[in-house]
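So this one's protein_2.txt, compact mmCIF, C-alpha atoms:
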# COMPACT_ATOMS: atom_id res chain seq x y z
CA PRO P 1 0.00 0.00 0.00
CA ILE P 2 0.98 3.63 -0.50
CA TYR P 3 0.85 5.66 2.70
CA THR P 4 0.42 9.39 2.41
CA ASP P 5 1.03 11.62 5.42
CA SER P 6 -2.71 11.76 6.12
CA ASP P 7 -3.06 7.99 5.71
CA GLY P 8 -0.20 7.48 8.12
CA GLU P 9 -1.71 9.76 10.71
CA ARG P 10 -5.11 8.07 10.45
CA SER P 11 -3.46 4.66 10.74
CA LYS P 12 -1.47 5.77 13.78
CA GLN P 13 -4.60 7.14 15.46
CA ALA P 14 -6.60 3.98 14.74
CA PHE P 15 -3.95 1.68 16.17
CA SER P 16 -3.44 4.01 19.16
CA ARG P 17 -7.14 3.63 19.96
CA ALA P 18 -6.88 -0.15 19.57
CA PHE P 19 -3.86 -0.32 21.88
CA ALA P 20 -5.57 1.95 24.42
CA LEU P 21 -8.53 -0.43 24.53
CA HIS P 22 -6.46 -3.63 24.46
CA PRO P 23 -2.71 -3.00 24.91
CA ASP P 24 -1.91 -6.72 24.83
CA LEU P 25 -3.67 -7.46 21.54
CA ALA P 26 -0.71 -9.11 19.80
CA ILE P 27 -2.34 -9.38 16.39
CA ALA P 28 -2.79 -5.59 16.35
CA HIS P 29 0.89 -5.15 17.20
CA ASN P 30 1.73 -7.46 14.28
CA PHE P 31 -0.61 -5.75 11.80
CA TYR P 32 0.69 -2.31 12.78
CA THR P 33 4.22 -3.30 11.78
CA PRO P 34 3.89 -2.98 7.95
CA ALA P 35 2.22 0.42 8.24
CA GLU P 36 4.81 1.64 10.74
CA CYS P 37 7.74 0.35 8.66
CA ASP P 38 6.40 1.83 5.42
CA GLN P 39 6.09 5.18 7.22
CA GLY P 40 9.80 5.07 8.09
CA ARG P 41 9.45 4.22 11.79
CA THR P 42 11.36 0.95 11.58
CA GLN P 43 13.40 1.28 14.77
CA GLN P 44 10.33 2.33 16.73
CA SER P 45 8.46 -0.68 15.38
CA MET P 46 11.23 -3.10 16.35
CA LEU P 47 11.53 -1.65 19.86
CA ARG P 48 7.75 -1.66 20.36
CA LEU P 49 7.57 -5.36 19.48
CA LEU P 50 10.62 -6.28 21.56
CA GLU P 51 9.08 -4.58 24.58
CA ARG P 52 5.87 -6.59 24.19
CA ALA P 53 7.66 -9.87 23.43
CA ARG P 54 9.88 -9.54 26.50
CA SER P 55 6.92 -10.33 28.73
CA ARG P 56 4.89 -12.34 26.21
CA ARG P 57 7.41 -14.75 24.74
CA ASN P 58 4.79 -17.33 23.82
CA ASP P 59 2.79 -15.07 21.50
CA PRO P 60 3.61 -15.95 17.87
CA GLU P 61 2.03 -12.80 16.42
CA LEU P 62 4.64 -10.62 18.12
CA PHE P 63 7.43 -12.67 16.56
CA ALA P 64 5.75 -12.49 13.16
CA GLY P 65 5.90 -8.70 13.45
CA LEU P 66 9.54 -8.86 14.51
CA VAL P 67 10.41 -10.75 11.31
CA GLN P 68 9.63 -7.64 9.26
CA ALA P 69 10.77 -5.00 11.76
CA CYS P 70 14.15 -6.68 12.28
CA ARG P 71 14.64 -7.15 8.54
CA TYR P 72 14.00 -3.48 7.88
CA CYS P 73 16.57 -2.65 10.59
CA ASP P 74 19.09 -4.99 8.88
CA GLU P 75 18.98 -7.39 11.80
CA LEU P 76 18.69 -10.33 9.44
CA GLY P 77 19.77 -13.01 11.91
CA ALA P 78 17.21 -11.73 14.38
CA SER P 79 14.55 -11.72 11.66
CA ILE P 80 15.15 -15.41 10.90
CA ALA P 81 15.31 -16.25 14.62
CA ALA P 82 11.96 -14.50 15.14
CA HIS P 83 10.50 -16.50 12.24
CA LEU P 84 11.73 -19.78 13.72
CA ARG P 85 10.47 -18.84 17.18
CA GLY P 86 7.07 -17.88 15.80
CA ARG P 87 6.77 -21.08 13.76
CA HIS P 88 7.76 -23.11 16.81
CA LEU P 89 4.85 -21.53 18.68
CA ASP P 90 2.45 -21.81 15.73
CA PRO P 91 3.49 -24.05 12.79
CA HIS P 92 0.92 -22.31 10.56
CA LEU P 93 2.11 -18.78 11.32
CA MET P 94 2.47 -16.56 8.24
CA THR P 95 5.58 -14.38 8.23
CA SER P 96 7.58 -12.42 5.67
CA ALA P 97 10.80 -14.39 6.31
CA ALA P 98 11.13 -15.31 2.62
CA HIS P 99 12.27 -11.73 2.01
CA THR P 100 14.85 -12.07 4.78
CA TYR P 101 16.26 -15.24 3.25
CA PHE P 102 16.48 -13.40 -0.07
CA LEU P 103 18.48 -10.54 1.49
CA LEU P 104 20.79 -13.13 3.05
CA GLY P 105 21.45 -14.59 -0.39
CA ASP P 106 19.74 -17.86 0.58
CA TYR P 107 17.55 -18.02 -2.50
CA ALA P 108 16.60 -21.68 -2.03
CA GLY P 109 15.53 -20.80 1.51
CA ALA P 110 13.48 -17.91 0.16
CA LEU P 111 11.67 -20.27 -2.21
CA ASP P 112 11.04 -22.86 0.49
CA CYS P 113 9.68 -20.24 2.86
CA TYR P 114 7.64 -18.45 0.20
CA GLY P 115 5.99 -21.71 -0.80
CA LYS P 116 2.71 -21.45 -2.69
CA LYS P 117 1.09 -18.78 -0.56
CA GLY P 118 1.88 -16.04 -3.05
CA THR P 119 2.22 -15.94 -6.81
CA TYR P 120 3.89 -12.60 -7.20
CA TYR P 121 7.46 -11.39 -7.50
CA LEU P 122 9.80 -12.88 -4.93
CA ASP P 123 9.77 -16.50 -6.04
CA CYS P 124 10.59 -15.42 -9.59
CA ALA P 125 13.42 -13.17 -8.39
CA ALA P 126 14.81 -16.07 -6.36
CA LEU P 127 14.61 -18.41 -9.34
CA VAL P 128 16.56 -15.90 -11.44
CA ALA P 129 19.19 -15.64 -8.70
CA LEU P 130 19.50 -19.45 -8.88
CA GLY P 131 19.92 -19.36 -12.66
CA GLU P 132 16.41 -20.64 -13.44
CA ASN P 133 15.66 -17.82 -15.87
CA HIS P 134 13.43 -19.80 -18.21
CA THR P 135 11.18 -21.02 -15.40
CA ALA P 136 10.94 -17.52 -13.91
CA LEU P 137 10.11 -15.97 -17.28
CA SER P 138 7.34 -18.48 -17.94
CA MET P 139 5.83 -17.79 -14.54
CA LEU P 140 6.01 -14.03 -14.96
CA ARG P 141 4.37 -14.15 -18.40
CA GLU P 142 1.57 -16.37 -17.10
CA ARG P 143 0.92 -14.12 -14.12
CA GLU P 144 0.96 -10.98 -16.21
CA GLN P 145 -1.60 -12.46 -18.57
CA SER P 146 -3.88 -13.61 -15.77
CA GLY P 147 -3.73 -10.25 -13.97
CA GLY P 148 -4.31 -10.02 -10.26
CA THR P 149 -1.52 -7.62 -9.38
CA THR P 150 -1.45 -3.85 -9.48
CA GLY P 151 0.75 -0.97 -8.48
CA ALA P 152 4.28 -1.53 -7.22
CA VAL P 153 4.25 -5.33 -7.43
CA GLN P 154 2.91 -5.25 -10.98
CA GLY P 155 5.63 -2.76 -11.91
CA ILE P 156 8.57 -4.81 -10.68
CA MET P 157 7.08 -8.04 -12.10
CA ARG P 158 6.84 -6.39 -15.54
CA SER P 159 10.33 -5.02 -15.10
CA LEU P 160 11.81 -8.42 -14.29
CA ARG P 161 9.96 -10.07 -17.15
CA ALA P 162 11.29 -7.44 -19.58
CA TYR P 163 14.82 -7.85 -18.24
CA LEU P 164 14.66 -11.62 -18.81
CA GLU P 165 13.45 -10.97 -22.37
CA GLY P 166 16.46 -8.73 -22.96
CA ASN P 167 14.32 -5.60 -23.28
CA TRP P 168 16.18 -3.22 -20.99
CA GLU P 169 14.18 -0.20 -22.12
CA GLU P 170 10.92 -1.80 -21.04
CA CYS P 171 12.59 -2.99 -17.84
CA SER P 172 13.42 0.62 -17.02
CA ASN P 173 10.08 2.03 -18.18
CA ALA P 174 8.05 -0.45 -16.11
CA ILE P 175 9.70 0.89 -12.96
CA ALA P 176 9.15 4.48 -14.05
CA ALA P 177 5.48 3.81 -14.81
CA ALA P 178 4.89 2.42 -11.31
CA GLU P 179 7.18 4.93 -9.58
CA THR P 180 4.53 6.51 -7.38
CA ALA P 181 3.44 3.13 -6.03
CA ILE P 182 7.01 1.87 -5.66
CA LEU P 183 7.99 4.94 -3.64
CA GLY P 184 5.29 3.99 -1.14
CA ASP P 185 7.04 0.73 -0.23
CA PRO P 186 10.75 0.96 0.68
CA GLU P 187 11.27 -2.80 0.35
CA ILE P 188 9.92 -2.86 -3.21
CA LEU P 189 12.04 0.23 -3.85
CA PHE P 190 15.05 -1.91 -2.92
CA TYR P 191 13.99 -4.63 -5.36
CA SER P 192 13.50 -2.10 -8.15
CA SER P 193 17.00 -0.75 -7.51
CA ARG P 194 18.39 -4.23 -8.17
CA HIS P 195 16.89 -4.14 -11.65
CA LEU P 196 18.21 -0.64 -12.31
CA ALA P 197 21.70 -1.65 -11.22
CA ARG P 198 21.52 -4.73 -13.44
CA ILE P 199 20.71 -2.66 -16.55
CA ASN P 200 23.43 -0.11 -15.76
CA GLU P 201 21.15 2.73 -14.66
CA ALA P 202 23.46 3.51 -11.78
CA ASP P 203 22.21 6.98 -10.89
CA ARG P 204 18.59 5.85 -10.67
CA ALA P 205 19.57 2.78 -8.67
CA ILE P 206 21.56 4.81 -6.15
CA SER P 207 18.76 7.36 -5.87
CA ALA P 208 16.21 4.60 -5.22
CA LEU P 209 18.43 3.00 -2.59
CA SER P 210 19.03 6.34 -0.91
CA THR P 211 15.29 6.87 -0.61
CA ALA P 212 14.75 3.35 0.73
CA ILE P 213 17.43 3.82 3.39
CA ASP P 214 16.15 7.25 4.37
CA ARG P 215 12.73 5.65 4.83
CA GLY P 216 14.15 3.06 7.21
CA PHE P 217 14.94 0.07 4.99
CA LEU P 218 18.51 -0.39 6.25
CA CYS P 219 19.91 -2.83 3.73
CA ALA P 220 23.70 -2.38 4.08
CA SER P 221 24.44 -6.09 4.44
CA ALA P 222 22.36 -6.98 1.37
CA LEU P 223 24.02 -4.23 -0.65
CA SER P 224 27.42 -5.67 0.17
CA ARG P 225 26.29 -9.24 -0.63
CA ASP P 226 23.89 -9.10 -3.59
CA PRO P 227 25.73 -9.69 -6.90
CA TRP P 228 23.29 -7.48 -8.81
CA PHE P 229 24.79 -4.45 -7.08
CA ALA P 230 28.34 -5.31 -8.21
CA PRO P 231 28.36 -2.66 -11.00
CA LEU P 232 27.74 0.07 -8.41
CA ARG P 233 30.29 -0.78 -5.76
CA SER P 234 33.18 1.30 -7.13
CA LEU P 235 31.06 4.41 -7.69
CA PRO P 236 31.52 7.34 -5.27
CA GLY P 237 27.76 7.75 -4.85
CA PHE P 238 27.36 4.10 -3.85
CA ILE P 239 30.32 4.22 -1.47
CA GLU P 240 28.79 7.24 0.25
CA LEU P 241 25.43 5.47 0.34
CA MET P 242 27.00 2.45 2.04
CA LYS P 243 28.61 4.64 4.69
CA HIS P 244 25.23 6.18 5.44
CA ALA P 245 23.47 2.79 5.54
CA GLU P 246 26.13 1.30 7.81
CA GLN P 247 25.96 4.27 10.16
CA ARG P 248 22.18 3.99 10.39
CA ARG P 249 22.48 0.25 10.95
CA SER P 250 25.07 0.76 13.69
CA GLU P 251 22.74 3.13 15.54
CA THR P 252 19.79 0.79 15.19
CA HIS P 253 21.85 -2.22 16.28
CA ALA P 254 22.87 -0.39 19.44
CA ALA P 255 19.18 0.21 20.19
CA PHE P 256 18.43 -3.47 19.48
CA LEU P 257 21.10 -4.61 21.94
CA ALA P 258 20.03 -2.06 24.58
CA ALA P 259 16.47 -3.42 24.33
CA GLY P 260 17.73 -6.96 24.98
CA GLY P 261 16.87 -8.06 21.46
CA GLU P 262 19.22 -11.04 21.40
CA GLN P 263 17.73 -12.43 24.61
CA VAL P 264 14.11 -11.75 23.64
CA ILE P 265 14.41 -13.49 20.30
CA SER P 266 16.90 -16.10 21.56
CA ILE P 267 19.44 -15.70 18.80
CA ALA P 268 21.77 -18.68 18.76

What do you get writing this file as structure tokens?
Amino acid sequence: PIYTDSDGERSKQAFSRAFALHPDLAIAHNFYTPAECDQGRTQQSMLRLLERARSRRNDPELFAGLVQACRYCDELGASIAAHLRGRHLDPHLMTSAAHTYFLLGDYAGALDCYGKKGTYYLDCAALVALGENHTALSMLREREQSGGTTGAVQGIMRSLRAYLEGNWEECSNAIAAAETAILGDPEILFYSSRHLARINEADRAISALSTAIDRGFLCASALSRDPWFAPLRSLPGFIELMKHAEQRRSETHAAFLAAGGEQVISIA
């Protein structure tokens, strides 16, 4: 979803009322996480959930929320640990850990975790990362023909399909056409920047990443690991971007440790 300032304020007020009426409603704490993260309050979201989980360590919904909040804060190990803790408590718990596995470069893990619950972008991106381009292209074409996606997800699916067809112009234009929607989701902004880096649109890729980081998607470890960003790594703009991302991550990590995050989530 795209959150405007007014949307964000209404969302904040609605959840504040819900928490005032029932402060221990874990599912509300979980559902608030995507809205809070997309509004740039990633550290606040992580700390809010850690505070609740400290005294309610058997509530899977809190750990489901921590999967996303920790990923956005570049606490990828904590994100996976929260997923495993939540699934231990509830084997049917739905989390966003597939995206965390992707950022870790564990593309097979991303596919296993993603399963069949969604037929959108991430499984195709993981297949491409594993060299299964033909399979990914067939899936993307089929999904595009059947419809069912709109906005940011539709844009990056079209972009990936065009890239696999060798049509770099369409790959670029698909992102531009969905730019307003993509800007509303810092994680999808990160995925779109991968495409832009891959087709040598370095300035646009760095700009997209800068926006994602400023909005709280602290992806320094993925930027240093993901091979699709290799063309950017020697560029001054990217080097400066990495310094900024690492500084933000260092500050957030200090807050994570101060909140007892390792103990709450039981990171091995």

**OP:** Can you pull out every residue within 10 Å of region 222-225 of chain P, counting only C-alpha atoms, but drop anything in the same chain fewer than 3 positions away, and send it as a list of chain:residue names?
**Re:**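 The contact residues come out as P:Asp74, P:Leu76, P:Thr100, P:Phe102, P:Leu103, P:Leu104, P:Gly105, P:Phe190, P:Arg194, P:Leu209, P:Leu218, P:Cys219, P:Trp228, P:Phe229, P:Ala230, P:Leu232, P:Arg233, P:Phe238, P:Leu241, P:Met242, P:Ala245.
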
Considering all atoms listed in the file, return as a compact mmCIF listing (two decimals) with C-alpha atoms, keeping the file's coordinate frame whatever protein or nucleic-acid residues lie within 9 Å of Glu170 (chain P), sequence-local ones (same chain, fewer than 6 positions apart) excluded.
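So out-v3.txt came out as:
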# COMPACT_ATOMS: atom_id res chain seq x y z
CA ARG P 158 6.84 -6.39 -15.54
CA SER P 159 10.33 -5.02 -15.10
CA ALA P 162 11.29 -7.44 -19.58
CA TYR P 163 14.82 -7.85 -18.24

Subject >> Test item: residues at most 10 Å from Asp203 (chain P), only C-alpha atoms, excluding those fewer than 3 positions along its chain, as an NGL selection string >> reply: :P and (193 or 196-197 or 200 or 206-209 or 232 or 235 or 237-238)

I need the chosen residues saved as a PDB file, in the coordinates of the input, with C-alpha atoms.
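Written file, part.pdb:
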ATOM      1  CA  SER P 193      17.000  -0.750  -7.510  1.00  0.00           C
ATOM      2  CA  LEU P 196      18.210  -0.640 -12.310  1.00  0.00           C
ATOM      3  CA  ALA P 197      21.700  -1.650 -11.220  1.00  0.00           C
ATOM      4  CA  ASN P 200      23.430  -0.110 -15.760  1.00  0.00           C
ATOM      5  CA  ILE P 206      21.560   4.810  -6.150  1.00  0.00           C
ATOM      6  CA  SER P 207      18.760   7.360  -5.870  1.00  0.00           C
ATOM      7  CA  ALA P 208      16.210   4.600  -5.220  1.00  0.00           C
ATOM      8  CA  LEU P 209      18.430   3.000  -2.590  1.00  0.00           C
ATOM      9  CA  LEU P 232      27.740   0.070  -8.410  1.00  0.00           C
ATOM     10  CA  LEU P 235      31.060   4.410  -7.690  1.00  0.00           C
ATOM     11  CA  GLY P 237      27.760   7.750  -4.850  1.00  0.00           C
ATOM     12  CA  PHE P 238      27.360   4.100  -3.850  1.00  0.00           C
TER      13      PHE P 238
END

Subject >> Interatomic distance, CA of Gly166 (chain P) to CA of His195 (chain P) (Å, one decimal) >> reply: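 Computing it gives 12.2 Å between the two atoms.
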
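Distance annotation: of P:Glu165, P:Glu132, P:Glu36, P:Glu75, the residue with the minimal separation from Glu251 (chain P) is P:Glu75; atom set is only C-alpha atoms.
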
**OP:** Choose the residue, out of P:Leu62, P:Leu111, P:Met46, P:Met157, that has the smallest atom-to-atom separation from Leu137 (chain P); count all atoms listed in the file.
**Re:**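 Distance minimum relative to Leu137 (chain P) lands on P:Met157.
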
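Using only C-alpha atoms, the protein and nucleic acid residues lying no more than 9 Å from Thr252 (chain P), apart from those fewer than 2 places from it along its own chain, are Gln43, Cys73, Asp74, Glu75, Gln247, Arg248, Arg249, Ser250, Ala254, Ala255, Phe256 and Leu257 of chain P.
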
Original post:
With all atoms listed in the file as the atoms that count, which of P:Gly109, P:Pro91, P:Gly184, P:Gly260 lies nearest to Pro34 (chain P)?
Top reply: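 Residue with the minimum atom-to-atom distance to Pro34 (chain P): P:Gly184.
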
Subject >> Protein, DNA and RNA residues within 8 Å of (16.0, -13.2, 9.7), only C-alpha atoms, as a ChimeraX atom specification >> reply: /P:67,70-71,75-83,97,100-101

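With only C-alpha atoms as the atoms that count, the minimum distance from Met139 (chain P) to the choices P:Asp123, P:Glu51, P:Asp185, P:Asp38 is reached by P:Asp123.
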
Original post:
Neighbours of Leu93 (chain P) within 12 Å (all atoms listed in the file; same-chain residues fewer than 5 positions away dropped), as a list of chain:residue names?
Top reply: P:Ile27, P:Asn30, P:Asp59, P:Pro60, P:Glu61, P:Leu62, P:Phe63, P:Ala64, P:Gly65, P:Val67, P:Ala82, P:His83, P:Leu84, P:Arg85, P:Gly86, P:Arg87, P:His88, P:Cys113, P:Lys117

**OP:** One decimal, Å: what's the distance from CA of Ala177 (chain P) over to CA of Ile213 (chain P), could you say?
**Re:** 21.8 Å

Original post:
For Tyr107 (chain P), which of P:Asn173, P:Ala205, P:Cys124, P:His92 is the closest residue, counting all atoms listed in the file?
Top reply: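 When distances to Tyr107 (chain P) are compared using all atoms listed in the file, the smallest one comes from P:Cys124.
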
Could you add whatever atoms are missing so that region 230-266 of chain P carries N, CA and C atoms, then write the result as a CSV table (one decimal), keeping the file's coordinate frame?
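Final output, saved to out.csv:
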chain,number,residue,atom,x,y,z
P,230,ALA,N,26.9,-5.4,-7.9
P,230,ALA,CA,28.3,-5.3,-8.2
P,230,ALA,C,28.7,-4.1,-9.1
P,231,PRO,N,28.0,-3.8,-10.1
P,231,PRO,CA,28.4,-2.7,-11.0
P,231,PRO,C,28.4,-1.3,-10.3
P,232,LEU,N,27.8,-1.2,-9.1
P,232,LEU,CA,27.7,0.1,-8.4
P,232,LEU,C,28.9,0.2,-7.4
P,233,ARG,N,29.5,-0.8,-7.0
P,233,ARG,CA,30.3,-0.8,-5.8
P,233,ARG,C,31.5,0.1,-5.8
P,234,SER,N,32.0,0.4,-7.0
P,234,SER,CA,33.2,1.3,-7.1
P,234,SER,C,32.8,2.8,-7.3
P,235,LEU,N,31.5,3.0,-7.4
P,235,LEU,CA,31.1,4.4,-7.7
P,235,LEU,C,31.0,5.2,-6.4
P,236,PRO,N,31.5,6.5,-6.5
P,236,PRO,CA,31.5,7.3,-5.3
P,236,PRO,C,30.2,7.5,-4.6
P,237,GLY,N,29.1,7.6,-5.4
P,237,GLY,CA,27.8,7.8,-4.8
P,237,GLY,C,27.4,6.5,-4.1
P,238,PHE,N,27.7,5.3,-4.5
P,238,PHE,CA,27.4,4.1,-3.8
P,238,PHE,C,28.2,3.9,-2.6
P,239,ILE,N,29.5,4.3,-2.7
P,239,ILE,CA,30.3,4.2,-1.5
P,239,ILE,C,29.8,5.1,-0.4
P,240,GLU,N,29.4,6.3,-0.7
P,240,GLU,CA,28.8,7.2,0.2
P,240,GLU,C,27.5,6.7,0.8
P,241,LEU,N,26.7,6.1,-0.1
P,241,LEU,CA,25.4,5.5,0.3
P,241,LEU,C,25.7,4.4,1.4
P,242,MET,N,26.7,3.5,1.1
P,242,MET,CA,27.0,2.4,2.0
P,242,MET,C,27.4,3.0,3.4
P,243,LYS,N,28.2,4.1,3.4
P,243,LYS,CA,28.6,4.6,4.7
P,243,LYS,C,27.4,5.1,5.5
P,244,HIS,N,26.5,5.7,4.8
P,244,HIS,CA,25.2,6.2,5.4
P,244,HIS,C,24.4,5.0,6.0
P,245,ALA,N,24.3,4.0,5.1
P,245,ALA,CA,23.5,2.8,5.5
P,245,ALA,C,24.1,2.1,6.7
P,246,GLU,N,25.4,2.0,6.7
P,246,GLU,CA,26.1,1.3,7.8
P,246,GLU,C,26.1,2.1,9.1
P,247,GLN,N,26.1,3.4,9.0
P,247,GLN,CA,26.0,4.3,10.2
P,247,GLN,C,24.6,4.1,10.8
P,248,ARG,N,23.5,4.2,9.9
P,248,ARG,CA,22.2,4.0,10.4
P,248,ARG,C,22.0,2.6,11.0
P,249,ARG,N,22.6,1.6,10.4
P,249,ARG,CA,22.5,0.2,11.0
P,249,ARG,C,23.2,0.1,12.3
P,250,SER,N,24.3,0.8,12.4
P,250,SER,CA,25.1,0.8,13.7
P,250,SER,C,24.2,1.4,14.8
P,251,GLU,N,23.6,2.5,14.5
P,251,GLU,CA,22.7,3.1,15.5
P,251,GLU,C,21.6,2.2,15.9
P,252,THR,N,20.9,1.7,14.9
P,252,THR,CA,19.8,0.8,15.2
P,252,THR,C,20.2,-0.5,15.9
P,253,HIS,N,21.4,-1.0,15.6
P,253,HIS,CA,21.8,-2.2,16.3
P,253,HIS,C,22.1,-1.9,17.8
P,254,ALA,N,22.7,-0.8,18.0
P,254,ALA,CA,22.9,-0.4,19.4
P,254,ALA,C,21.5,-0.4,20.2
P,255,ALA,N,20.5,0.2,19.6
P,255,ALA,CA,19.2,0.2,20.2
P,255,ALA,C,18.6,-1.2,20.4
P,256,PHE,N,18.9,-2.1,19.4
P,256,PHE,CA,18.4,-3.5,19.5
P,256,PHE,C,19.1,-4.2,20.7
P,257,LEU,N,20.4,-4.0,20.8
P,257,LEU,CA,21.1,-4.6,21.9
P,257,LEU,C,20.6,-4.0,23.3
P,258,ALA,N,20.5,-2.7,23.3
P,258,ALA,CA,20.0,-2.1,24.6
P,258,ALA,C,18.6,-2.5,25.0
P,259,ALA,N,17.8,-2.9,24.0
P,259,ALA,CA,16.5,-3.4,24.3
P,259,ALA,C,16.5,-4.9,24.7
P,260,GLY,N,17.7,-5.5,24.7
P,260,GLY,CA,17.7,-7.0,25.0
P,260,GLY,C,17.2,-7.8,23.8
P,261,GLY,N,17.4,-7.3,22.6
P,261,GLY,CA,16.9,-8.1,21.5
P,261,GLY,C,17.4,-9.5,21.3
P,262,GLU,N,18.7,-9.7,21.6
P,262,GLU,CA,19.2,-11.0,21.4
P,262,GLU,C,18.6,-12.0,22.4
P,263,GLN,N,18.3,-11.6,23.6
P,263,GLN,CA,17.7,-12.4,24.6
P,263,GLN,C,16.3,-12.7,24.3
P,264,VAL,N,15.5,-11.6,23.9
P,264,VAL,CA,14.1,-11.8,23.6
P,264,VAL,C,13.8,-12.7,22.5
P,265,ILE,N,14.6,-12.6,21.5
P,265,ILE,CA,14.4,-13.5,20.3
P,265,ILE,C,15.2,-14.8,20.4
P,266,SER,N,16.1,-14.9,21.4
P,266,SER,CA,16.9,-16.1,21.6
P,266,SER,C,17.7,-16.4,20.3
